[in-house]
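Colleague: Sharing model_36.txt (compact mmCIF, C-alpha atoms) below.
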# COMPACT_ATOMS: atom_id res chain seq x y z
CA MET A 27 8.67 -47.54 -11.55
CA THR A 28 7.60 -47.53 -15.24
CA GLY A 29 9.59 -45.62 -17.81
CA ARG A 30 6.66 -43.32 -18.41
CA ARG A 31 6.31 -42.42 -14.71
CA LEU A 32 10.08 -41.94 -14.40
CA THR A 33 10.09 -39.60 -17.37
CA SER A 34 7.23 -37.56 -15.90
CA LEU A 35 8.97 -37.34 -12.53
CA LEU A 36 12.25 -36.18 -14.10
CA ALA A 37 10.38 -33.57 -16.13
CA TYR A 38 8.66 -32.29 -12.97
CA ILE A 39 11.94 -32.05 -11.04
CA THR A 40 13.67 -30.29 -13.92
CA THR A 41 10.83 -27.80 -14.35
CA SER A 42 10.68 -27.11 -10.61
CA ALA A 43 14.43 -26.54 -10.41
CA ALA A 44 14.30 -24.18 -13.37
CA GLY A 45 11.45 -22.28 -11.76
CA ALA A 46 13.32 -21.99 -8.48
CA SER A 47 16.37 -20.75 -10.36
CA LEU A 48 14.31 -18.08 -12.07
CA LEU A 49 12.77 -17.04 -8.74
CA THR A 50 16.00 -16.84 -6.77
CA GLY A 51 18.60 -16.15 -9.45
CA CYS A 52 22.15 -15.14 -8.59
CA GLY A 53 21.87 -12.14 -6.30
CA VAL A 54 18.42 -11.20 -7.53
CA LEU A 55 16.26 -9.46 -4.93
CA PRO A 56 12.50 -9.17 -4.70
CA GLY A 57 11.51 -6.15 -6.74
CA ALA A 58 14.85 -6.00 -8.58
CA THR A 59 14.77 -5.04 -12.24
CA GLY A 60 17.08 -5.49 -15.16
CA GLY A 61 17.57 -9.25 -14.87
CA SER A 62 20.10 -11.17 -12.81
CA ARG A 63 22.56 -8.88 -11.05
CA GLU A 64 25.39 -9.95 -8.81
CA PRO A 65 25.51 -9.00 -5.13
CA VAL A 66 27.89 -6.19 -4.16
CA THR A 67 30.15 -6.87 -1.17
CA VAL A 68 31.73 -4.01 0.77
CA MET A 69 33.36 -3.65 4.19
CA THR A 70 33.08 -1.11 6.99
CA TRP A 71 35.53 -1.19 9.89
CA ALA A 72 35.98 0.77 13.10
CA PRO A 73 37.51 0.26 16.55
CA ASP A 74 35.24 -1.02 19.29
CA GLN A 75 35.74 -1.79 22.99
CA THR A 76 39.24 -0.29 23.09
CA ARG A 77 40.83 2.06 25.62
CA ALA A 78 41.00 4.91 23.10
CA THR A 79 38.46 6.15 20.54
CA ASN A 80 35.64 3.73 19.66
CA MET A 81 33.25 4.08 16.72
CA PRO A 82 30.73 1.20 16.91
CA GLY A 83 28.06 3.35 15.26
CA MET A 84 29.86 3.30 11.90
CA PRO A 85 29.53 -0.43 11.10
CA ALA A 86 26.08 -0.39 12.71
CA MET A 87 24.99 2.43 10.36
CA ALA A 88 26.43 0.49 7.42
CA GLN A 89 24.30 -2.52 8.32
CA ALA A 90 21.19 -0.35 8.67
CA PHE A 91 21.87 1.19 5.26
CA ALA A 92 22.14 -2.30 3.76
CA ARG A 93 18.85 -3.38 5.34
CA TRP A 94 17.20 -0.27 3.93
CA VAL A 95 18.40 -0.59 0.32
CA ASN A 96 17.91 -4.36 0.26
CA SER A 97 14.32 -3.93 1.44
CA GLN A 98 13.80 -1.86 -1.71
CA GLY A 99 15.40 -4.29 -4.14
CA GLY A 100 19.03 -3.43 -3.54
CA ILE A 101 21.17 -0.80 -5.22
CA ASP A 102 20.13 -0.82 -8.86
CA GLY A 103 19.14 -4.49 -8.45
CA HIS A 104 22.32 -5.50 -6.59
CA GLU A 105 21.99 -6.94 -3.11
CA LEU A 106 24.30 -4.99 -0.80
CA ARG A 107 26.34 -7.21 1.49
CA VAL A 108 28.18 -5.40 4.28
CA LEU A 109 31.09 -7.03 6.07
CA THR A 110 32.11 -5.42 9.37
CA CYS A 111 35.44 -5.60 11.17
CA ASN A 112 36.80 -4.43 14.53
CA GLU A 113 39.95 -2.47 13.77
CA HIS A 114 40.97 -2.45 17.49
CA ASN A 115 42.83 0.89 17.16
CA SER A 116 45.95 -1.04 16.20
CA THR A 117 48.12 -1.44 13.12
CA ALA A 118 47.68 -5.21 13.28
CA GLY A 119 43.92 -4.85 13.53
CA ALA A 120 43.73 -2.41 10.62
CA ALA A 121 45.90 -4.62 8.42
CA ALA A 122 43.83 -7.69 9.33
CA CYS A 123 40.59 -5.93 8.36
CA ALA A 124 42.09 -4.82 5.04
CA ARG A 125 43.34 -8.33 4.25
CA ARG A 126 39.90 -9.73 5.01
CA ALA A 127 38.33 -7.21 2.63
CA VAL A 128 40.69 -8.44 -0.08
CA ARG A 129 40.07 -12.09 0.75
CA GLU A 130 36.30 -11.72 0.61
CA ASN A 131 36.37 -9.79 -2.67
CA ALA A 132 34.99 -6.51 -1.34
CA VAL A 133 34.59 -3.92 -4.09
CA ALA A 134 35.11 -1.03 -1.63
CA VAL A 135 35.75 -0.17 1.98
CA VAL A 136 33.11 2.39 2.92
CA GLY A 137 32.55 4.77 5.84
CA SER A 138 35.29 3.45 8.12
CA TYR A 139 37.48 4.74 10.95
CA SER A 140 41.16 4.02 11.49
CA GLN A 141 44.18 6.04 12.53
CA ASN A 142 46.43 3.37 10.99
CA GLY A 143 46.37 4.43 7.37
CA ARG A 144 49.70 2.92 6.41
CA ALA A 145 48.62 -0.46 7.72
CA PHE A 146 45.35 -0.68 5.79
CA MET A 147 46.01 1.30 2.59
CA ALA A 148 48.82 -0.91 1.31
CA PRO A 149 46.68 -4.10 1.10
CA LEU A 150 43.79 -2.15 -0.42
CA GLU A 151 46.02 -0.49 -3.01
CA ALA A 152 47.59 -3.81 -3.96
CA ALA A 153 44.11 -5.22 -4.62
CA GLY A 154 42.78 -2.05 -6.25
CA ILE A 155 40.02 -1.58 -3.64
CA PRO A 156 38.79 2.01 -3.19
CA TYR A 157 38.45 3.51 0.29
CA ILE A 158 35.33 5.67 0.23
CA GLY A 159 34.49 8.15 2.96
CA GLY A 160 36.88 7.25 5.71
CA TYR A 161 36.52 9.30 8.87
CA GLY A 162 39.43 11.52 7.86
CA ILE A 163 41.68 10.75 10.81
CA SER A 164 44.81 9.48 9.00
CA GLU A 165 46.99 11.30 6.46
CA ASP A 166 46.94 8.29 4.13
CA GLU A 167 43.26 8.94 3.48
CA PHE A 168 44.32 12.19 1.84
CA THR A 169 47.31 10.89 -0.12
CA SER A 170 46.35 7.49 -1.56
CA PRO A 171 45.00 7.60 -5.14
CA LEU A 172 42.42 5.00 -4.09
CA SER A 173 41.03 7.09 -1.24
CA TYR A 174 37.91 9.20 -1.76
CA PRO A 175 37.33 11.31 1.39
CA VAL A 176 33.93 12.96 1.90
CA ASN A 177 35.17 15.55 4.39
CA GLY A 178 38.33 17.55 4.94
CA GLY A 179 39.46 15.39 7.84
CA GLN A 180 41.03 16.74 10.97
CA ALA A 181 43.12 19.12 8.86
CA SER A 182 40.04 21.13 7.86
CA LEU A 183 38.49 20.87 11.33
CA ILE A 184 41.56 22.14 13.17
CA ALA A 185 42.35 24.89 10.66
CA GLY A 186 38.72 25.99 10.77
CA HIS A 187 38.72 25.83 14.56
CA GLY A 188 41.55 28.32 14.61
CA ILE A 189 39.41 30.73 12.57
CA GLN A 190 36.46 30.15 14.89
CA LEU A 191 38.53 30.90 18.01
CA ALA A 192 40.48 33.84 16.61
CA GLY A 193 37.72 36.37 17.19
CA SER A 194 37.08 35.45 20.85
CA CYS A 195 40.28 34.06 22.35
CA ARG A 196 43.32 36.09 23.32
CA THR A 197 45.41 33.03 24.17
CA VAL A 198 44.75 29.39 23.21
CA SER A 199 46.04 26.21 24.84
CA LEU A 200 45.82 23.12 22.62
CA VAL A 201 45.78 19.70 24.29
CA ARG A 202 46.23 17.01 21.64
CA PRO A 203 47.43 13.40 21.29
CA ASP A 204 51.14 12.71 21.57
CA THR A 205 51.07 10.79 18.28
CA LEU A 206 52.25 11.29 14.70
CA ALA A 207 48.77 12.42 13.70
CA GLY A 208 48.64 14.74 16.72
CA ASP A 209 51.95 16.35 15.82
CA ARG A 210 50.35 18.09 12.82
CA LEU A 211 47.56 19.71 14.80
CA PRO A 212 49.35 22.75 16.31
CA GLU A 213 50.40 24.23 12.97
CA LEU A 214 46.97 23.61 11.48
CA LEU A 215 45.31 25.40 14.40
CA ASN A 216 47.84 28.22 14.16
CA SER A 217 47.14 28.64 10.43
CA GLY A 218 43.55 29.49 11.37
CA LEU A 219 44.47 31.67 14.34
CA ARG A 220 46.86 33.69 12.20
CA LYS A 221 44.07 34.62 9.83
CA ALA A 222 43.22 37.18 12.51
CA SER A 223 46.86 38.11 13.24
CA HIS A 224 46.62 35.94 16.34
CA ARG A 225 49.53 34.49 18.24
CA GLY A 226 50.08 30.73 18.00
CA ALA A 227 48.54 28.24 20.42
CA VAL A 228 50.43 26.70 23.33
CA ASP A 229 51.03 23.07 22.39
CA ILE A 230 50.35 20.51 25.13
CA PRO A 231 50.83 16.87 24.02
CA ALA A 232 49.03 14.20 26.08
CA VAL A 233 48.78 10.41 26.14
CA GLU A 234 45.74 9.47 24.08
CA ASP A 235 44.35 6.80 26.41
CA ALA A 236 45.12 8.26 29.85
CA ALA A 237 42.70 7.75 32.74
CA GLU A 238 43.05 11.39 33.87
CA TYR A 239 44.68 14.61 32.66
CA THR A 240 45.17 16.75 35.76
CA ALA A 241 48.72 17.82 34.86
CA GLN A 242 47.80 18.75 31.29
CA ALA A 243 44.62 20.51 32.42
CA SER A 244 46.53 22.59 34.96
CA ARG A 245 49.12 23.63 32.40
CA ALA A 246 46.44 24.39 29.79
CA ARG A 247 44.58 26.67 32.20
CA GLU A 248 47.77 28.40 33.30
CA LYS A 249 48.91 29.09 29.73
CA ALA A 250 45.47 30.23 28.60
CA GLY A 251 45.47 32.93 31.25
CA GLU A 252 42.54 34.57 32.96
CA LYS A 253 41.59 37.12 30.32
CA GLN A 254 39.86 35.77 27.19
CA GLY A 255 41.82 32.53 27.45
CA CYS A 256 40.62 29.41 25.65
CA VAL A 257 41.42 25.75 26.28
CA THR A 258 40.98 23.45 23.30
CA ALA A 259 41.20 19.67 23.63
CA VAL A 260 41.26 17.30 20.65
CA LEU A 261 41.69 13.85 22.21
CA GLY A 262 38.94 11.84 20.54
CA GLU A 263 36.94 9.86 23.04
CA ARG A 264 39.25 10.97 25.86
CA THR A 265 38.31 14.63 25.41
CA GLN A 266 35.51 14.10 27.92
CA THR A 267 38.05 12.68 30.39
CA PHE A 268 40.26 15.73 29.89
CA PHE A 269 37.49 18.23 30.57
CA ASP A 270 36.44 16.24 33.62
CA SER A 271 39.99 16.71 34.95
CA PHE A 272 39.84 20.35 33.91
CA ARG A 273 36.67 21.17 35.84
CA ARG A 274 38.07 19.47 38.95
CA LEU A 275 41.09 21.76 39.14
CA PRO A 276 41.25 23.74 42.40
CA GLU A 277 40.09 27.32 42.27
CA GLN A 278 42.76 29.78 41.26
CA GLU A 279 43.59 32.86 43.27
CA GLY A 280 41.32 35.54 41.92
CA GLY A 281 38.36 33.23 41.48
CA VAL A 282 39.05 31.46 38.19
CA GLY A 283 38.98 27.70 38.42
CA GLY A 284 38.39 24.78 36.17
CA ARG A 285 34.65 24.47 36.06
CA GLY A 286 33.41 24.38 32.46
CA GLY A 287 29.98 25.39 31.27
CA GLU A 288 28.58 27.11 34.37
CA ARG A 289 29.48 29.25 37.33
CA GLY A 290 30.50 26.67 39.90
CA ARG A 291 32.76 26.18 42.84
CA GLY A 292 35.80 26.56 40.60
CA GLY A 293 34.82 29.96 39.29
CA ASP A 294 33.55 31.21 35.93
CA VAL A 295 34.89 28.98 33.19
CA ARG A 296 32.75 28.61 30.13
CA GLY A 297 32.73 28.76 26.37
CA GLY A 298 30.35 31.51 25.38
CA ASP A 299 30.26 32.60 21.75
CA SER A 300 31.32 36.19 22.30
CA GLY A 301 34.29 37.86 23.86
CA GLU A 302 32.32 39.82 26.40
CA GLU A 303 33.18 37.79 29.49
CA ASN A 304 36.81 38.77 29.81
CA GLY A 305 37.32 36.81 33.01
CA ALA A 306 36.11 33.47 31.63
CA VAL A 307 38.29 30.62 30.42
CA ARG A 308 36.46 29.27 27.41
CA ILE A 309 36.56 25.65 26.28
CA SER A 310 36.34 24.29 22.76
CA SER A 311 36.92 21.27 20.56
CA VAL A 312 36.06 19.75 17.20
CA LEU A 313 33.44 17.28 16.06
CA GLY A 314 34.52 13.75 16.85
CA SER A 315 36.09 14.82 20.11
CA VAL A 316 32.94 16.58 21.28
CA GLY A 317 29.51 15.91 19.80
CA GLN A 318 25.87 15.80 20.80
CA PRO A 319 26.10 12.27 22.29
CA VAL A 320 28.92 13.41 24.62
CA ILE A 321 26.99 16.53 25.61
CA ASP A 322 23.91 14.42 26.37
CA ARG A 323 25.90 11.94 28.47
CA THR A 324 27.52 14.69 30.52
CA GLY A 325 24.37 16.54 31.54
CA GLY A 326 22.88 18.28 28.51
CA ALA A 327 22.21 21.90 29.45
CA HIS A 328 24.19 21.33 32.67
CA SER A 329 27.09 19.73 30.81
CA PRO A 330 30.64 21.08 31.23
CA PHE A 331 30.44 21.76 27.49
CA GLU A 332 27.62 24.31 27.75
CA GLY A 333 28.72 27.32 25.71
CA ALA A 334 31.70 25.55 24.14
CA PHE A 335 32.83 26.29 20.59
CA VAL A 336 32.81 23.25 18.27
CA THR A 337 33.91 23.06 14.64
CA GLY A 338 32.23 20.40 12.50
CA TRP A 339 32.21 19.11 8.95
CA TYR A 340 28.48 18.93 8.47
CA PRO A 341 25.32 20.83 9.42
CA GLU A 342 24.15 20.51 13.02
CA ALA A 343 22.30 17.30 13.82
CA GLY A 344 18.92 19.00 13.86
CA ASP A 345 19.26 20.30 10.30
CA ARG A 346 16.54 19.03 7.95
CA SER A 347 19.20 17.75 5.52
CA TRP A 348 19.59 14.77 7.86
CA ALA A 349 15.90 13.77 7.56
CA PRO A 350 16.51 10.87 5.09
CA MET A 351 19.17 9.38 7.36
CA ARG A 352 16.95 9.72 10.41
CA LYS A 353 14.13 7.94 8.59
CA VAL A 354 16.39 5.01 7.72
CA ILE A 355 17.64 4.79 11.31
CA GLN A 356 14.07 4.94 12.63
CA GLU A 357 12.91 2.14 10.34
CA HIS A 358 15.98 -0.10 10.21
CA ALA A 359 18.08 0.57 13.35
CA PHE A 360 15.56 1.82 15.88
CA ALA A 361 16.53 -0.73 18.56
CA ASP A 362 20.30 -0.40 17.95
CA ASN A 363 21.63 2.14 20.48
CA ARG A 364 24.98 2.21 18.67
CA VAL A 365 23.40 4.25 15.86
CA ASP A 366 23.09 7.84 17.05
CA PRO A 367 22.11 10.24 14.24
CA ALA A 368 24.05 13.02 15.99
CA ASP A 369 27.31 11.04 15.97
CA ALA A 370 29.91 12.25 13.45
CA GLY A 371 30.94 8.69 12.62
CA VAL A 372 27.37 7.67 11.85
CA GLN A 373 26.92 10.80 9.74
CA THR A 374 30.12 10.17 7.79
CA THR A 375 29.09 6.56 7.13
CA TRP A 376 25.71 7.70 5.79
CA ILE A 377 27.41 10.12 3.39
CA ALA A 378 29.96 7.50 2.30
CA TYR A 379 27.23 4.98 1.48
CA THR A 380 25.36 7.70 -0.40
CA VAL A 381 28.47 7.98 -2.60
CA LEU A 382 28.58 4.21 -3.10
CA LYS A 383 24.88 4.06 -4.00
CA ASP A 384 25.14 6.87 -6.55
CA VAL A 385 28.18 5.33 -8.23
CA ILE A 386 26.63 1.86 -8.53
CA GLU A 387 23.45 3.35 -9.97
CA ALA A 388 25.49 5.38 -12.46
CA LEU A 389 27.39 2.27 -13.60
CA ASP A 390 24.07 0.50 -14.31
CA ASP A 391 25.62 -2.91 -14.95
CA ASP A 392 25.07 -6.52 -13.89
CA THR A 393 28.58 -6.77 -12.46
CA ILE A 394 30.23 -4.22 -10.19
CA SER A 395 33.98 -4.39 -9.52
CA ALA A 396 36.42 -2.41 -7.42
CA SER A 397 38.21 -1.12 -10.50
CA ARG A 398 34.98 0.11 -12.10
CA ILE A 399 33.96 2.01 -8.95
CA ALA A 400 37.38 3.64 -8.71
CA HIS A 401 37.36 4.51 -12.41
CA ALA A 402 33.91 6.10 -12.15
CA LEU A 403 35.05 8.27 -9.26
CA ASP A 404 38.31 9.20 -10.98
CA ARG A 405 36.58 10.26 -14.18
CA GLY A 406 34.44 12.74 -12.27
CA GLU A 407 31.18 11.19 -11.08
CA ARG A 408 29.40 14.01 -9.22
CA ILE A 409 27.73 13.12 -5.91
CA ASP A 410 24.89 15.19 -4.49
CA THR A 411 24.60 14.55 -0.74
CA GLY A 412 21.44 16.57 -0.25
CA GLY A 413 23.11 19.60 1.31
CA LEU A 414 25.20 17.67 3.85
CA THR A 415 28.36 18.55 1.92
CA PRO A 416 29.18 20.48 -1.23
CA THR A 417 28.75 18.39 -4.38
CA LEU A 418 31.55 15.82 -4.21
CA ARG A 419 33.83 15.01 -7.13
CA TRP A 420 37.37 13.60 -7.20
CA LYS A 421 38.77 14.65 -10.57
CA TYR A 422 42.31 16.01 -10.48
CA GLU A 423 41.17 19.61 -10.74
CA ASP A 424 38.87 19.16 -7.73
CA LEU A 425 41.69 18.15 -5.36
CA LEU A 426 42.92 20.82 -2.94
CA GLY A 427 46.54 19.73 -3.29
CA ALA A 428 47.57 20.83 0.21
CA PRO A 429 50.91 19.43 1.45
CA GLY A 430 50.12 16.21 3.31
CA TYR A 431 46.44 16.36 2.27
CA PRO A 432 46.33 16.48 -1.55
CA ARG A 433 43.09 14.41 -1.82
CA ILE A 434 40.87 16.87 0.07
CA VAL A 435 37.93 17.85 -2.15
CA ASN A 436 35.56 19.06 0.59
CA HIS A 437 37.28 21.84 2.53
CA GLU A 438 34.20 23.38 4.08
CA VAL A 439 33.37 23.31 7.79
CA THR A 440 30.62 24.56 10.08
CA PHE A 441 30.94 26.67 13.21
CA GLN A 442 28.75 25.48 16.06
CA VAL A 443 28.26 26.29 19.73
CA VAL A 444 26.59 24.45 22.62
CA ARG A 445 23.46 26.28 23.77
CA LYS A 446 20.99 24.82 26.27
CA GLY A 447 22.61 21.43 25.83
CA GLN A 448 22.31 21.40 22.04
CA LEU A 449 24.90 21.87 19.32
CA VAL A 450 23.54 24.65 17.14
CA ALA A 451 24.96 26.76 14.35
CA GLN A 452 27.08 29.66 15.57
CA LYS A 453 26.85 31.10 12.07
CA PRO A 454 24.75 29.81 9.16
CA GLY A 455 26.13 27.78 6.31
CA PHE A 456 29.60 26.49 5.53
CA VAL A 457 32.99 28.17 5.90
CA ASP A 458 35.60 27.39 3.24
CA VAL A 459 38.97 26.74 4.91
CA GLY A 460 40.84 25.56 1.82
CA GLU A 461 43.26 28.50 1.75
CA THR A 462 43.88 28.14 5.46
CA VAL A 463 44.82 24.46 5.11
CA LEU A 464 47.07 25.35 2.18
CA SER A 465 48.88 27.96 4.28
CA ALA A 466 49.77 25.50 7.07
CA PRO A 467 53.46 24.50 7.08
As structure tokens, please, write out the structure in this file.
Modeller:
Amino acid sequence: MTGRRLTSLLAYITTSAAGASLLTGCGVLPGATGGSREPVTVMTWAPDQTRATNMPGMPAMAQAFARWVNSQGGIDGHELRVLTCNEHNSTAGAAACARRAVRENAVAVVGSYSQNGRAFMAPLEAAGIPYIGGYGISEDEFTSPLSYPVNGGQASLIAGHGIQLAGSCRTVSLVRPDTLAGDRLPELLNSGLRKASHRGAVDIPAVEDAAEYTAQASRAREKAGEKQGCVTAVLGERTQTFFDSFRRLPEQEGGVGGRGGERGRGGDVRGGDSGEENGAVRISSVLGSVGQPVIDRTGGAHSPFEGAFVTGWYPEAGDRSWAPMRKVIQEHAFADNRVDPADAGVQTTWIAYTVLKDVIEALDDDTISASRIAHALDRGERIDTGGLTPTLRWKYEDLLGAPGYPRIVNHEVTFQVVRKGQLVAQKPGFVDVGETVLSAP
């Protein structure tokens, strides 16, 4: 090959390589602006295929969100890379997911579910990685300075549920997990019940992953009594199992049995939203233990949950505020049956990623780090979630400061009821339960 031809070939290769570099860049996406911007890596974890509560929709929603924003050029020009991890409902699983997030340089853990806060927060804190919009199931989510919850967790749900039940229930039986997290639930429920000078609930601990709950169901019905009695179960995914055991209880003398949601062979046992049916044992729960997917699976309008009271964090699934999320699911997760827009875990993940998106856009920089995200949130970045929550902000003065839950910034809940197989608003708007949570021992 002559020197001239060699020189021309080298020039061509060099020019082509430079052109390819300009086209691909480092993390540059089609349609991205502002020059070369690094990809942003985050993680979402949740338990899947376990004997207790499973939340496969949360990582699935995270992946759909990433497909959506990346199809539009990323978040402020940053490709969003989502790592997912099965937390297995175990301390070892939670710790392993957290260590992987550190190892793979995640700038945040977003929209995740784990009861094992102590296991995962320590590795994240050591690496300075913020935990944005966890499900709100562990106390550590409301104590760690690197946690940024988008809802009031179970504390707000249970306290609010007490307020919801106080006007209709003379006696309340609470069936809850026999765990450290479950041990806090009775006093939180009672703090809401006492807002109406109501007596405290009867506490009935239960194994979280039992195959049946006949003994607990029988005791719950007995303690609730036959006049304006209410049975509340907060057992996560096993709540459905509990109410199945409840409806199968033999009929009591006098005609009151365990059938929920309709007048059946066990008598009149339902959860109407008034106190008019003095002979009915009403049933109730909170979002996450009972939701639209569970109601649909158990018969819709003929479900045992027909008429049940349910306290939630967010507007009912049919509210128009969810329209943007539904559009993303329709376009980017239509074939993924894990992503149910009525699922509280999916909804929480959507809100958590909304926070992440707003913060990255506010930073407006080529490089995004964990410390910069945390700093932006700490200095008071305000997040508008489109009416799904109050405006979110995590400055010191925004924190509720409740014992055990100092990081709560959103202490509003919604009261819902199951009518014709659909969760609908029992009363419009949000109910602020901040003072109720503060009053719990």
Colleague: Which of these, A:Ile101, A:Val66, A:Val198, A:Ala334, has the shortest distance to Thr393 of chain A once you count only C-alpha atoms?
Modeller: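 Going through A:Ile101, A:Val66, A:Val198, A:Ala334 one by one, the smallest distance to Thr393 of chain A is for A:Val66.
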Colleague: Write out as a PyMOL selection string each polymer residue whose atoms come within 9 Å of segment 442-447 of chain A, counting all atoms listed in the file; drop sequence neighbours fewer than 3 positions from it.
Modeller: chain A and resi 297-299+310+318+321-322+325-329+331-338+341-342+450-453
Colleague: Can you work out which one of A:Leu403, A:Met69, A:Ile189, A:Leu313 has the shortest atom-to-atom distance to Gly160 of chain A, counting only C-alpha atoms?
Modeller: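 Residue with the minimum atom-to-atom distance to Gly160 of chain A: A:Met69.
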Colleague: Residues of segment 143-187 of chain A that approach segment 114-121 of chain A to 10 Å or less, counting all atoms listed in the file: could you list each one with the shortest pair of atoms and its distance in Å to one decimal, rows by chain and increasing residue number, as a tab-separated table?
Modeller:
residue	atom	partner	partner_atom	distance
A:Gly143	CA	A:Ala120	CA	8.0
A:Arg144	CA	A:Thr117	CA	8.2
A:Ala145	CA	A:Ala121	CA	5.0
A:Phe146	CA	A:Ala121	CA	4.8
A:Met147	CA	A:Ala121	CA	8.3
A:Ala148	CA	A:Ala121	CA	8.5
A:Pro149	CA	A:Ala121	CA	7.4
A:Leu150	CA	A:Ala121	CA	9.4
Colleague: Do you know which residues are at most 10 Å from Pro319 of chain A counting all atoms listed in the file, after dropping those on the same chain fewer than 3 positions away, and could you put them as a PDB file with C-alpha atoms, keeping the file's coordinate frame?
Modeller:
ATOM      1  CA  VAL A 316      32.940  16.580  21.280  1.00  0.00           C
ATOM      2  CA  ASP A 322      23.910  14.420  26.370  1.00  0.00           C
ATOM      3  CA  ARG A 323      25.900  11.940  28.470  1.00  0.00           C
ATOM      4  CA  THR A 324      27.520  14.690  30.520  1.00  0.00           C
ATOM      5  CA  GLY A 326      22.880  18.280  28.510  1.00  0.00           C
ATOM      6  CA  ASP A 366      23.090   7.840  17.050  1.00  0.00           C
ATOM      7  CA  PRO A 367      22.110  10.240  14.240  1.00  0.00           C
ATOM      8  CA  ALA A 368      24.050  13.020  15.990  1.00  0.00           C
ATOM      9  CA  ASP A 369      27.310  11.040  15.970  1.00  0.00           C
ATOM     10  CA  ALA A 370      29.910  12.250  13.450  1.00  0.00           C
ATOM     11  CA  GLN A 448      22.310  21.400  22.040  1.00  0.00           C
TER      12      GLN A 448
END
Colleague: What separation in Å, quoted to one decimal, exists between atom CA of Cys111 of chain A and atom CA of Thr380 of chain A?
Modeller: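 These two atoms are separated by 20.3 Å.
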Colleague: Under the rule that all atoms listed in the file are counted, which of A:Leu275, A:Ala152, A:Val68, A:Ala90 is the nearest residue to Gln356 of chain A?
Modeller: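 Closest to Gln356 of chain A of all the choices is A:Ala90.
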Colleague: Counting all atoms listed in the file, which residue out of A:Gly430, A:Gly314, A:Gly460, A:Gly100 sits closest to Asn80 of chain A?
Modeller: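 Looking only at the distances to Asn80 of chain A, the closest residue turns out to be A:Gly314.
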Colleague: Using only C-alpha atoms, pick whichever of A:Ser199, A:Ser164, A:Pro73, A:Val365 has the shortest atom-to-atom distance to Cys123 of chain A.
Modeller: A:Pro73
Colleague: When you count only C-alpha atoms, which of these residues is closest to Asp166 of chain A: A:Glu407, A:Asp209, A:Glu151, A:Glu277?
Modeller: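 Using only C-alpha atoms, Asp166 of chain A sits closest to A:Glu151.
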Colleague: Would you mind listing what lies within 7 Å of Gly406 of chain A as a VMD selection string, with all atoms listed in the file counted and same-chain residues fewer than 2 positions away left out?
Modeller: chain A and resid 402 to 404 408 419 to 421
Colleague: Counting all atoms listed in the file, which residues in segment 384-448 of chain A sit no more than 12 Å from segment 213-225 of chain A? For each one, give the nearest pair of atoms and the distance in Å, sorted by chain then residue number, as a tab-separated table.
Modeller:
residue	atom	partner	partner_atom	distance
A:Ala428	CA	A:Leu214	CA	11.6
A:Pro429	CA	A:Leu214	CA	11.6
A:Gly430	CA	A:Leu214	CA	11.5
A:Tyr431	CA	A:Leu214	CA	11.7
Colleague: Do you have the atom CA of Ala134 of chain A-atom CA of Ile434 of chain A distance handy?
Modeller: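 Atom-to-atom, atom CA of Ala134 of chain A and atom CA of Ile434 of chain A are spaced 18.9 Å apart.
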